[in-house]
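Chemist: Got a structure for you, questions after.
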Amino acid sequence: MSSICYHLFLHPASSRSSRSYTKASRCPGISQLQSTSLQNASNKLSFHYSFCYPHKVHRNTQAVEPTFAISTMLKDTTVENAENIGVLSVDPSLEPYKDHFIYRSKRYFEQKALIEKYEGSLEEFAQGYLKFGFNKEKDGIVYREWAPAAQEAQLIGDFNGWNGSNHKMEKNEFGVWMLKIPDNGGKPSIPHNSRVKFRFKQSNGTWVDRIPAWIRYATVDPNQFGAAYDGVYWDPPPSERYEFKHPRPPKPISPRIYEAHVGMSCPEPRISTYREFADDVLPRIRANNYNTVQLMAIMEHSYYASFGYHVTNFFAVSGRSGTPEDLKYLIDKAHSFGLLVLMDVVHSHASNNVSDGLSGFDVGQRTQDSYFHTGESGYHKLWDSRLFNYANWEVLRFLLSNLRWWLGEFQFDGFRFDGVTSMLYHHHGINIAFTGNYSEYFSFATDIDAVVYLMLANYLVHRFLPDAITIAEDVSGMPALCRPLSECGIGFSYRLAMAIPDKWIDYLKNKEDLDWSMQEIVHTLTNRRYTEKCIAYAESHDQSIVGDKTIAFTLMDNEMYTGMSDLQPASPVIDRGIALHKIIHFLTMALGGEGYLNFMGNEFGHPEWIDFPREGNSWSYDKCRRQWSLVDKDHLRYKYMNEFNRAMNLLDDRFSFLASAKQIVSSASDLDKVIVFERGDLVFVFNFHPEKTYHGYKVGCDLPGKYRVALDSDAFEFGGHGRVGHNVDHFTSPEGIPGVPETNFNNRPNSFRVLAPARTSVVYYKVDENAERESEEKAAAEDATILAGDSNTEV
C-alpha cells in the first residue's frame, strides 16, 4: 500500500488541462488564430487604454517601445498603495508579476471612477435598459439606439405598416439615435407583442433593417424555413404581467448544481416550454436534493443547435420555450422549492448573424464606434462568431446592463460565465496547452480590457445581490480568478474544474480498469488553487453532445438497450457500468471541488448522446430530449443510479462536507486501486479494483472514536450486492508517536479497519457518543414513563 498525503489547503498549483480551449463541438473550426506579437500587443495595450474613456474625453497615452521589458512599462502606472495586492499574500509565488496586478488594478479603478463621474454610479450605468431600447415615458414611448455609423435612421414595424417615413430618428453627439412616439388616444402607439425593427442607412447609401440591440423579445415565423427573427415590442398589461410571489432562497454554503436545457427537457421529440420544465422537471431536481439550477440557452439564439452559445439578442428570452412571463414563472417556482437559479450568460462572443443579431450593427465602422473589434481581432475563428471590444464605453454599458437586467427583471441568482478563457487572452486559448507556468497568465497575451470588464461585472453583480453566485468557465486556471476584488482578484465565486471530465473520458476510452492510476486521478481532482473554489463535475453537456457519449453510455453502450431490466440478472457489462458510474460521480463530487454540477439526465445514466436538430440529422429531435420514463419505471436499473445520486446530495445536506476546508488524501494506492481520504470529519474509501475485495482494510483517520457507515454505493437500494454491514461499529486504534506524523499510519494519528468490496465507495462518519448516550437515556426514560402508566391503568 502506498502512503501519500495530499493536503488541499497547502496545494498552490493551478488547475489546468492539456487540451486546447476550442469547444469545437459548438462550431466547426476554420483556422488557427495566431498569437499577438510583442510589437502588436504593446501597441494594442496602449491603443485600448485610450478607449476606456467616454466620448469627448481624451487622455494622452505614450506608446511603449517593444524592446522594453513588460515590467518596465507596468511600473510607469504604479497606483497609490500598490504594495497592497492581497493575492500576493495568498500566493507569494505571484510576486514576480506584481506589476501586472498593479497595472490591471489601476485600469479597473480608473474605469470605475470614470463611469461614476460621467454616469453617476456603476449601478446607474448598468441600467442602460431604462434609457436604450423601448421605454415608456410620459405620453409616449421613447426608443434609443446606439449606431454611430448610421447616416439616417427610422423605426419600422407593424404599428406603421413597415414604413418609417413618419418615424425618423435624430442622432446626438454620442452616436445615439432617438425617437419619441406619442400615445394615440391614451394608448401606446406600438401595441404590445407587435413586431418592430431598426432601419438605418449605411455610409454607402444602403438601407438595412436590424432587430433593436436592446430588444426584450424576438420571434421567428415557424412556417418559414430559415426565416430571420423579428424584434417584438414586449410590454404586457398588468393583467398579463407575471408577478413574483416567492423570495429568493438563502444562498447554500455549497452549490449542488443541476445544469439543464429547457428546450430538450421533455420526453417527446419537440421543444419543451418554460412552464413544462417548471411543473415537470423542477420537482425531480428538488427530490434529488439539488439546491441550484443552472439554465442554458436562455438568451435568444437563432441557431438552435448552437446550444444557446451563439447569442443574437442579449436582452431577449429565447422565444422557442415561451414568453418572458413564462420564464419568470419557472424561476419563481424554483424559488418556491428552495432552489437558486443561475443563468448561463454568454458575454465572450456573439453570433455573427447580420439580419437578426448584434453583428448587424457592424457596417464597417471603426472599432470605437462598434460593439466589436475590427479585422481579425473581431472574429473567433473556431467558433465563427464576433468578439466584443471590452474597452468601449457603450459595450461596457450594454454588457453590464445585461447582467443587471437578468438579475432584476427575472430574479436570477447569479451567472455561469461562458467562454471566460477566450475572454482572458488575445489568443483565446486556441491551440494553447496551459501548463500552469505563471508567465502564461500574465503577459502581453492577457487581454486587460476583458479582465477589467470581468472585474466590473463581478463588482456589479455582488453589489446588486451580495449572495449572488458567479462561476467562470475557464480551462486555463488563471491565478486570482476567484479571489475578491479587494485583493486584486477578478472576483468570481467559483471556477469550473474543467480538467476533471477530460480525465474520466480519457480513462474510460483509452485505459483498461487495472491500468487506472489512483495517484493520477487524485492529482487531477485535487489540483486546484489554494483558496479559489471550484465546481467539480464528471460530465456536463459538453460530454453528451453529438460525437460523444454520456459516461453511462460509454460504460455500457448497446447493452443499455437490452440489459437494464431488473427482472433478469445483470450482465458483467451492466454490473461494471452501474458500479463505476456511481463511484466516478461520487469521487468527483467528494474530492474535486467546493461545489458539484450534474447535467440533466446524467444522474440516472441517460443513454446515447445529445443531437440537436440540424441539417446533418435531417432536423430530427429524436436525441434532443430526456427520457424520464427510464428512471420512472420500477423494473429498470436506471432507478439505482438516480437513488445513489440523490443519496450523494443528501449526504452533503447532512454533513456539509463540500464546504469543509479539511480535505486530506491519506492513501492513493495504484497497487490496491484504493483511495482513502477525509473531507470534513467523514472518511471516504473508494476501491476501484475490478475484482479484489479487501477484508479488514486499514484506513487512516484524524479523530479517534467509533465510526459507522454513512453511505455505501454497494447497498441493495443502489443496485449493489449488499456486501457491507451497516450496523457494524468500527473502533479506532492510535497510530505511532503522538505529535510525530511521520510515525503514524499514512500520516494519520488513528486508524480503523473496513470491508472494501471491488468497485465500491463507502463513507464513514464518527459517532457522537455523548449525543448517542443522551438519546438512549431519553428513550429509556420515555419507555419507563410508558411502563409506569401501564401499571397504573385500572382494569
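Quick note on naming: the chains in the C-alpha cells go A, B, ... in the order shown, residues restart at 1 in each chain, and ligands are numbered from 1 in order of appearance.
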Return as a tab-separated table the residues of range 503-554 of chain A lying at most 10 Å from range 580-600 of chain A, together with the closest atom-to-atom pair for each and the distance in Å to one decimal, counting only C-alpha atoms, with rows in chain order and ascending residue number.
Modeler:
residue	atom	partner	partner_atom	distance
A:Trp504	CA	A:Ile584	CA	8.0
A:Leu508	CA	A:Leu580	CA	10.0
A:Ile521	CA	A:Thr588	CA	9.6
A:Val522	CA	A:Leu591	CA	7.9
A:His523	CA	A:Gly592	CA	9.7
A:Thr524	CA	A:Gly592	CA	8.1
A:Leu525	CA	A:Gly592	CA	4.5
A:Thr526	CA	A:Gly592	CA	5.9
A:Asn527	CA	A:Gly592	CA	8.4
A:Arg528	CA	A:Gly593	CA	8.1
A:Glu532	CA	A:Glu594	CA	9.2
A:Lys533	CA	A:Glu594	CA	5.8
A:Cys534	CA	A:Gly593	CA	4.8
A:Ile535	CA	A:Gly595	CA	4.5
A:Ala536	CA	A:Tyr596	CA	4.9
A:Tyr537	CA	A:Leu597	CA	5.1
A:Ala538	CA	A:His585	CA	5.7
A:Glu539	CA	A:Asn598	CA	6.9
A:Ser540	CA	A:Phe599	CA	5.0
A:His541	CA	A:Phe599	CA	6.0
A:Asp542	CA	A:Phe599	CA	9.4
A:Gln543	CA	A:Phe599	CA	9.5
A:Ser544	CA	A:Phe599	CA	9.0
A:Thr550	CA	A:Phe599	CA	10.0
A:Ile551	CA	A:His581	CA	6.9
A:Ala552	CA	A:His581	CA	6.2
A:Phe553	CA	A:His581	CA	9.9
A:Thr554	CA	A:His581	CA	10.0
Chemist: Between CA of Asp474 in chain A and CA of Gly429 in chain A, what is the distance, to one decimal in Å?
Modeler: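 We find that CA of Asp474 in chain A and CA of Gly429 in chain A lie 9.8 Å from each other.
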Chemist: Record the distance separating CA of Lys698 in chain A and CA of Gly739 in chain A, expressed in Å with one decimal.
Modeler: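 One can read the CA of Lys698 in chain A to CA of Gly739 in chain A distance as 20.6 Å.
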Chemist: Would you work out the distance separating CA of Leu651 in chain A from CA of Leu711 in chain A, expressed in Å to one decimal?
Modeler: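 Between these atoms lies a distance of 7.4 Å.
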Chemist: Taking only C-alpha atoms into account, which of A:Tyr129, A:Phe686, A:Phe134, A:Tyr379 comes nearest His426 in chain A?
Modeler: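 Distance minimum relative to His426 in chain A lands on A:Tyr379.
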Chemist: Let's see if you can do this: from backbone DSSP, list all alpha helix (DSSP H) residues in range 225-305 of chain A, as a PyMOL selection string.
Modeler: chain A and resi 274-276+282-287
Chemist: For range 243-258 of chain A, please output as a compact mmCIF listing (two decimals) with N, CA, C and O atoms, in the first residue's frame all residues within 8 Å (counting only C-alpha atoms; exclusion window: fewer than 4 positions along the same chain).
Modeler:
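Result written to around22.txt:
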# COMPACT_ATOMS: atom_id res chain seq x y z
N ILE A 285 -35.74 17.72 -9.68
CA ILE A 285 -34.48 18.31 -9.22
C ILE A 285 -34.49 18.45 -7.71
O ILE A 285 -33.51 18.12 -7.02
N TYR A 290 -30.83 18.60 -5.04
CA TYR A 290 -30.02 19.70 -5.56
C TYR A 290 -30.53 20.99 -4.93
O TYR A 290 -31.69 21.10 -4.54
N ASN A 291 -29.65 21.98 -4.84
CA ASN A 291 -30.07 23.27 -4.28
C ASN A 291 -29.96 24.42 -5.29
O ASN A 291 -30.33 25.55 -4.97
N THR A 292 -29.48 24.12 -6.49
CA THR A 292 -29.28 25.16 -7.50
C THR A 292 -29.58 24.60 -8.89
O THR A 292 -29.21 23.46 -9.19
N VAL A 293 -30.23 25.40 -9.71
CA VAL A 293 -30.49 25.05 -11.11
C VAL A 293 -29.70 26.02 -11.99
O VAL A 293 -29.70 27.23 -11.74
N GLN A 294 -29.03 25.49 -12.99
CA GLN A 294 -28.32 26.33 -13.95
C GLN A 294 -28.96 26.15 -15.32
O GLN A 294 -28.96 25.05 -15.87
N LYS A 328 -40.34 33.82 -16.01
CA LYS A 328 -40.50 34.30 -14.64
C LYS A 328 -41.25 33.28 -13.78
O LYS A 328 -40.91 33.06 -12.61
N TYR A 329 -42.25 32.65 -14.37
CA TYR A 329 -42.99 31.60 -13.67
C TYR A 329 -42.06 30.47 -13.25
O TYR A 329 -42.11 29.97 -12.12
N ASP A 332 -39.69 31.67 -10.40
CA ASP A 332 -40.45 31.83 -9.16
C ASP A 332 -40.78 30.47 -8.55
O ASP A 332 -40.71 30.28 -7.33
N LYS A 333 -41.13 29.52 -9.39
CA LYS A 333 -41.45 28.18 -8.87
C LYS A 333 -40.20 27.51 -8.32
O LYS A 333 -40.26 26.81 -7.30
N HIS A 335 -37.74 29.05 -6.91
CA HIS A 335 -37.54 29.68 -5.60
C HIS A 335 -38.49 29.10 -4.56
O HIS A 335 -38.12 28.95 -3.38
N SER A 336 -39.69 28.74 -4.98
CA SER A 336 -40.64 28.15 -4.03
C SER A 336 -40.16 26.79 -3.53
O SER A 336 -40.53 26.35 -2.45
N GLY A 338 -37.04 26.24 -2.96
CA GLY A 338 -35.76 26.48 -2.29
C GLY A 338 -34.57 26.37 -3.20
O GLY A 338 -33.43 26.22 -2.74
N LEU A 339 -34.80 26.44 -4.51
CA LEU A 339 -33.73 26.29 -5.49
C LEU A 339 -33.26 27.66 -6.00
O LEU A 339 -34.09 28.47 -6.43
N LEU A 340 -31.96 27.92 -5.95
CA LEU A 340 -31.41 29.07 -6.64
C LEU A 340 -31.42 28.80 -8.14
O LEU A 340 -31.37 27.64 -8.57
N GLN A 411 -35.07 37.87 -11.70
CA GLN A 411 -34.75 37.32 -10.38
C GLN A 411 -33.77 36.14 -10.41
O GLN A 411 -33.83 35.25 -9.56
N ASP A 413 -30.29 34.32 -9.72
CA ASP A 413 -29.48 34.39 -8.50
C ASP A 413 -27.98 34.41 -8.79
O ASP A 413 -27.18 34.35 -7.86
N ASP A 467 -25.38 37.94 -2.26
CA ASP A 467 -25.30 36.49 -2.22
C ASP A 467 -25.27 35.84 -3.60
O ASP A 467 -25.41 34.62 -3.72
N ALA A 468 -25.10 36.64 -4.63
CA ALA A 468 -25.06 36.08 -5.98
C ALA A 468 -23.88 35.13 -6.15
O ALA A 468 -22.84 35.28 -5.51
N GLU A 594 -15.49 22.53 -4.30
CA GLU A 594 -16.32 23.04 -3.21
C GLU A 594 -17.78 23.13 -3.61
O GLU A 594 -18.62 23.63 -2.87
N GLY A 595 -18.10 22.67 -4.79
CA GLY A 595 -19.46 22.57 -5.29
C GLY A 595 -19.49 21.45 -6.31
O GLY A 595 -18.45 20.92 -6.72
N TYR A 596 -20.69 21.07 -6.74
CA TYR A 596 -20.83 19.93 -7.65
C TYR A 596 -21.87 20.27 -8.71
O TYR A 596 -22.85 20.97 -8.45
N LEU A 597 -21.64 19.77 -9.93
CA LEU A 597 -22.55 20.01 -11.04
C LEU A 597 -22.86 18.71 -11.76
O LEU A 597 -21.99 17.87 -11.98
N ASN A 598 -24.13 18.56 -12.14
CA ASN A 598 -24.57 17.41 -12.92
C ASN A 598 -25.47 17.91 -14.04
O ASN A 598 -26.30 18.80 -13.83
N PHE A 599 -25.31 17.35 -15.23
CA PHE A 599 -26.17 17.74 -16.33
C PHE A 599 -27.42 16.88 -16.36
O PHE A 599 -27.39 15.68 -16.08
N MET A 600 -28.51 17.49 -16.73
CA MET A 600 -29.85 16.92 -16.76
C MET A 600 -29.89 15.51 -17.38
O MET A 600 -29.56 15.32 -18.55
N ASN A 649 -26.21 13.75 -2.64
CA ASN A 649 -26.60 15.10 -2.26
C ASN A 649 -27.12 15.16 -0.83
O ASN A 649 -26.87 16.13 -0.11
N SER A 656 -22.39 18.47 5.26
CA SER A 656 -21.77 19.67 4.67
C SER A 656 -20.29 19.46 4.36
O SER A 656 -19.46 20.33 4.60
N LEU A 658 -18.83 19.29 1.45
CA LEU A 658 -18.32 20.11 0.35
C LEU A 658 -17.79 21.45 0.84
O LEU A 658 -16.88 22.03 0.24
N ALA A 659 -18.34 21.96 1.92
CA ALA A 659 -17.93 23.26 2.44
C ALA A 659 -16.70 23.17 3.34
O ALA A 659 -16.16 24.19 3.75
Chemist: Which residues are near Gly133 in chain A? Cut-off 8 Å, only C-alpha atoms, ignore same chain within fewer than 4 positions. Put them as a list in words.
Modeler: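 So, after excluding close chain neighbours, the residues are Tyr129, Val142, Tyr143, Arg144, Glu145, Pro212, Ala213, Trp214 and Ile215 of chain A.
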Chemist: Could you produce a table of the residues of range 594-653 of chain A lying within 10 Å of range 297-304 of chain A, with the nearest pair of atoms per residue and their separation in Å rounded to one decimal, using only C-alpha atoms, ordered by chain and increasing residue number, as JSON lines?
Modeler:
{"residue": "A:Phe612", "atom": "CA", "partner": "A:Tyr304", "partner_atom": "CA", "distance": 7.1}
{"residue": "A:Pro613", "atom": "CA", "partner": "A:Tyr304", "partner_atom": "CA", "distance": 7.4}
{"residue": "A:Arg614", "atom": "CA", "partner": "A:Tyr304", "partner_atom": "CA", "distance": 8.3}
Chemist: Keeping only N, CA, C and O atoms, take the residues you just selected and write them out as an mmCIF file, in the first residue's frame.
Modeler:
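Result file result00.cif:
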data_model
loop_
_atom_site.group_PDB
_atom_site.id
_atom_site.type_symbol
_atom_site.label_atom_id
_atom_site.label_comp_id
_atom_site.auth_asym_id
_atom_site.auth_seq_id
_atom_site.Cartn_x
_atom_site.Cartn_y
_atom_site.Cartn_z
ATOM 1 N N PHE A 612 -28.905 17.987 -31.493
ATOM 2 C CA PHE A 612 -29.932 18.970 -31.800
ATOM 3 C C PHE A 612 -30.329 18.895 -33.266
ATOM 4 O O PHE A 612 -29.547 18.443 -34.109
ATOM 5 N N PRO A 613 -31.546 19.321 -33.582
ATOM 6 C CA PRO A 613 -31.970 19.331 -34.988
ATOM 7 C C PRO A 613 -31.006 20.150 -35.844
ATOM 8 O O PRO A 613 -30.673 21.282 -35.513
ATOM 9 N N ARG A 614 -30.554 19.538 -36.928
ATOM 10 C CA ARG A 614 -29.603 20.195 -37.820
ATOM 11 C C ARG A 614 -29.686 19.498 -39.172
ATOM 12 O O ARG A 614 -30.310 18.434 -39.309
#
Chemist: Please provide the set of residues having any atom within 10 Å of Pro704 in chain A, restricted to only C-alpha atoms, with same-chain residues fewer than 3 positions apart removed, written as a list of chain:residue names.
Modeler: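 Near Pro704 in chain A, the qualifying residues are A:Cys701, A:Tyr707, A:Phe731, A:Thr732, A:Ser733, A:Pro734, A:Pro749, A:Asn750, A:Ser751, A:Phe752, A:Lys766.
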Chemist: Using DSSP on the backbone coordinates, identify the residues of range 328-499 of chain A assigned to strand (DSSP E or B); present them as a list in words.
Modeler: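 In range 328-499 of chain A, DSSP puts these residues in strand (DSSP E or B): Leu340, Val341, Leu342, Met343, Asp344, Val345, Ala350, Ser351, Phe372, Tyr379, His380, Ser385, Arg386, Phe388, Gly414, Phe415, Arg416, Phe417, Tyr425, Thr446, Ile469, Thr470, Ile471, Ala472, Tyr494, Arg495 and Leu496 of chain A.
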Chemist: Only C-alpha atoms, please: the residues just picked out, written as a PDB file, in the first residue's frame.
Modeler:
ATOM      1  CA  LEU A 340     -31.409  29.073  -6.643  1.00  0.00           C
ATOM      2  CA  VAL A 341     -31.409  29.709 -10.394  1.00  0.00           C
ATOM      3  CA  LEU A 342     -28.227  30.561 -12.278  1.00  0.00           C
ATOM      4  CA  MET A 343     -28.135  31.686 -15.882  1.00  0.00           C
ATOM      5  CA  ASP A 344     -25.583  30.568 -18.431  1.00  0.00           C
ATOM      6  CA  VAL A 345     -24.556  34.010 -19.675  1.00  0.00           C
ATOM      7  CA  ALA A 350     -21.824  36.903 -30.181  1.00  0.00           C
ATOM      8  CA  SER A 351     -23.441  35.318 -33.187  1.00  0.00           C
ATOM      9  CA  PHE A 372     -16.874  44.513 -31.799  1.00  0.00           C
ATOM     10  CA  TYR A 379     -13.660  37.247 -35.037  1.00  0.00           C
ATOM     11  CA  HIS A 380     -13.283  33.951 -33.190  1.00  0.00           C
ATOM     12  CA  SER A 385     -18.515  34.399 -34.064  1.00  0.00           C
ATOM     13  CA  ARG A 386     -17.863  38.058 -33.204  1.00  0.00           C
ATOM     14  CA  PHE A 388     -16.562  42.273 -28.188  1.00  0.00           C
ATOM     15  CA  GLY A 414     -26.209  34.530 -10.395  1.00  0.00           C
ATOM     16  CA  PHE A 415     -24.408  33.515 -13.549  1.00  0.00           C
ATOM     17  CA  ARG A 416     -22.159  30.926 -15.074  1.00  0.00           C
ATOM     18  CA  PHE A 417     -19.979  32.967 -17.443  1.00  0.00           C
ATOM     19  CA  TYR A 425      -6.334  36.104 -23.600  1.00  0.00           C
ATOM     20  CA  THR A 446      -3.544  38.786 -21.452  1.00  0.00           C
ATOM     21  CA  ILE A 469     -23.013  33.176  -7.333  1.00  0.00           C
ATOM     22  CA  THR A 470     -20.704  33.779 -10.298  1.00  0.00           C
ATOM     23  CA  ILE A 471     -18.927  30.870 -11.948  1.00  0.00           C
ATOM     24  CA  ALA A 472     -16.165  31.161 -14.532  1.00  0.00           C
ATOM     25  CA  TYR A 494     -16.150  29.608  -8.364  1.00  0.00           C
ATOM     26  CA  ARG A 495     -14.328  28.240 -11.384  1.00  0.00           C
ATOM     27  CA  LEU A 496     -15.419  25.126 -13.270  1.00  0.00           C
TER      28      LEU A 496
END
Chemist: My list of candidates is A:Gly696, A:Pro238, A:Gly477, A:Gly491. Which is closest to Arg463 in chain A when distances are computed with only C-alpha atoms?
Modeler: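 Checking each candidate against Arg463 in chain A, we get A:Gly491 as the closest.
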Chemist: If we count only C-alpha atoms and set the cut-off at 12 Å, which residues sit around Val90 in chain A, ignoring sequence neighbours fewer than 4 positions away in its own chain? Please answer as a VMD selection string.
Modeler: chain A and resid 9 to 12 84 to 86 94 to 95 479 to 480 482 to 484 487 to 489 529 to 532
Chemist: How would the residues just picked look written out with C-alpha atoms as an mmCIF file, in the first residue's frame?
Modeler:
data_model
loop_
_atom_site.group_PDB
_atom_site.id
_atom_site.type_symbol
_atom_site.label_atom_id
_atom_site.label_comp_id
_atom_site.auth_asym_id
_atom_site.auth_seq_id
_atom_site.Cartn_x
_atom_site.Cartn_y
_atom_site.Cartn_z
ATOM 1 C CA PHE A 9 -5.051 23.717 1.887
ATOM 2 C CA LEU A 10 -1.310 23.531 1.176
ATOM 3 C CA HIS A 11 -1.636 22.995 -2.573
ATOM 4 C CA PRO A 12 -0.904 26.139 -4.647
ATOM 5 C CA ASN A 84 -1.377 46.160 -1.006
ATOM 6 C CA ILE A 85 -2.053 43.496 -3.631
ATOM 7 C CA GLY A 86 -3.771 40.933 -1.424
ATOM 8 C CA LEU A 94 2.895 35.688 -7.811
ATOM 9 C CA GLU A 95 5.386 38.338 -6.598
ATOM 10 C CA PRO A 479 -4.472 32.677 -10.681
ATOM 11 C CA ALA A 480 -6.695 35.061 -8.679
ATOM 12 C CA CYS A 482 -11.710 33.519 -7.876
ATOM 13 C CA ARG A 483 -10.179 35.886 -5.351
ATOM 14 C CA PRO A 484 -12.009 39.029 -4.154
ATOM 15 C CA GLU A 487 -7.229 41.580 -3.248
ATOM 16 C CA CYS A 488 -6.933 42.498 -6.954
ATOM 17 C CA GLY A 489 -8.611 39.235 -7.879
ATOM 18 C CA ARG A 529 -5.615 26.718 -6.458
ATOM 19 C CA TYR A 530 -5.363 27.457 -2.771
ATOM 20 C CA THR A 531 -8.479 29.325 -1.532
ATOM 21 C CA GLU A 532 -10.000 29.526 -5.019
#
Chemist: A:Thr743, A:Glu173, A:Ala499, A:Arg708: which is nearest Asn727 in chain A, counting only C-alpha atoms?
Modeler: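 Once distances to Asn727 in chain A are computed over only C-alpha atoms, the minimum belongs to A:Arg708.
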Chemist: Tell me which protein, DNA and RNA residues are within 7 Å of range 146-153 of chain A, counting only C-alpha atoms, leaving out same-chain ones fewer than 2 positions away, and put them as a list in words.
Modeler: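 Once the adjacent positions are removed, what remains is Arg144, Lys168, Met169, Gly175, Val176, Trp177, Arg199, Phe200, Lys201, Gln202, Ser203, Phe361, Gln365 and Asp369 of chain A.
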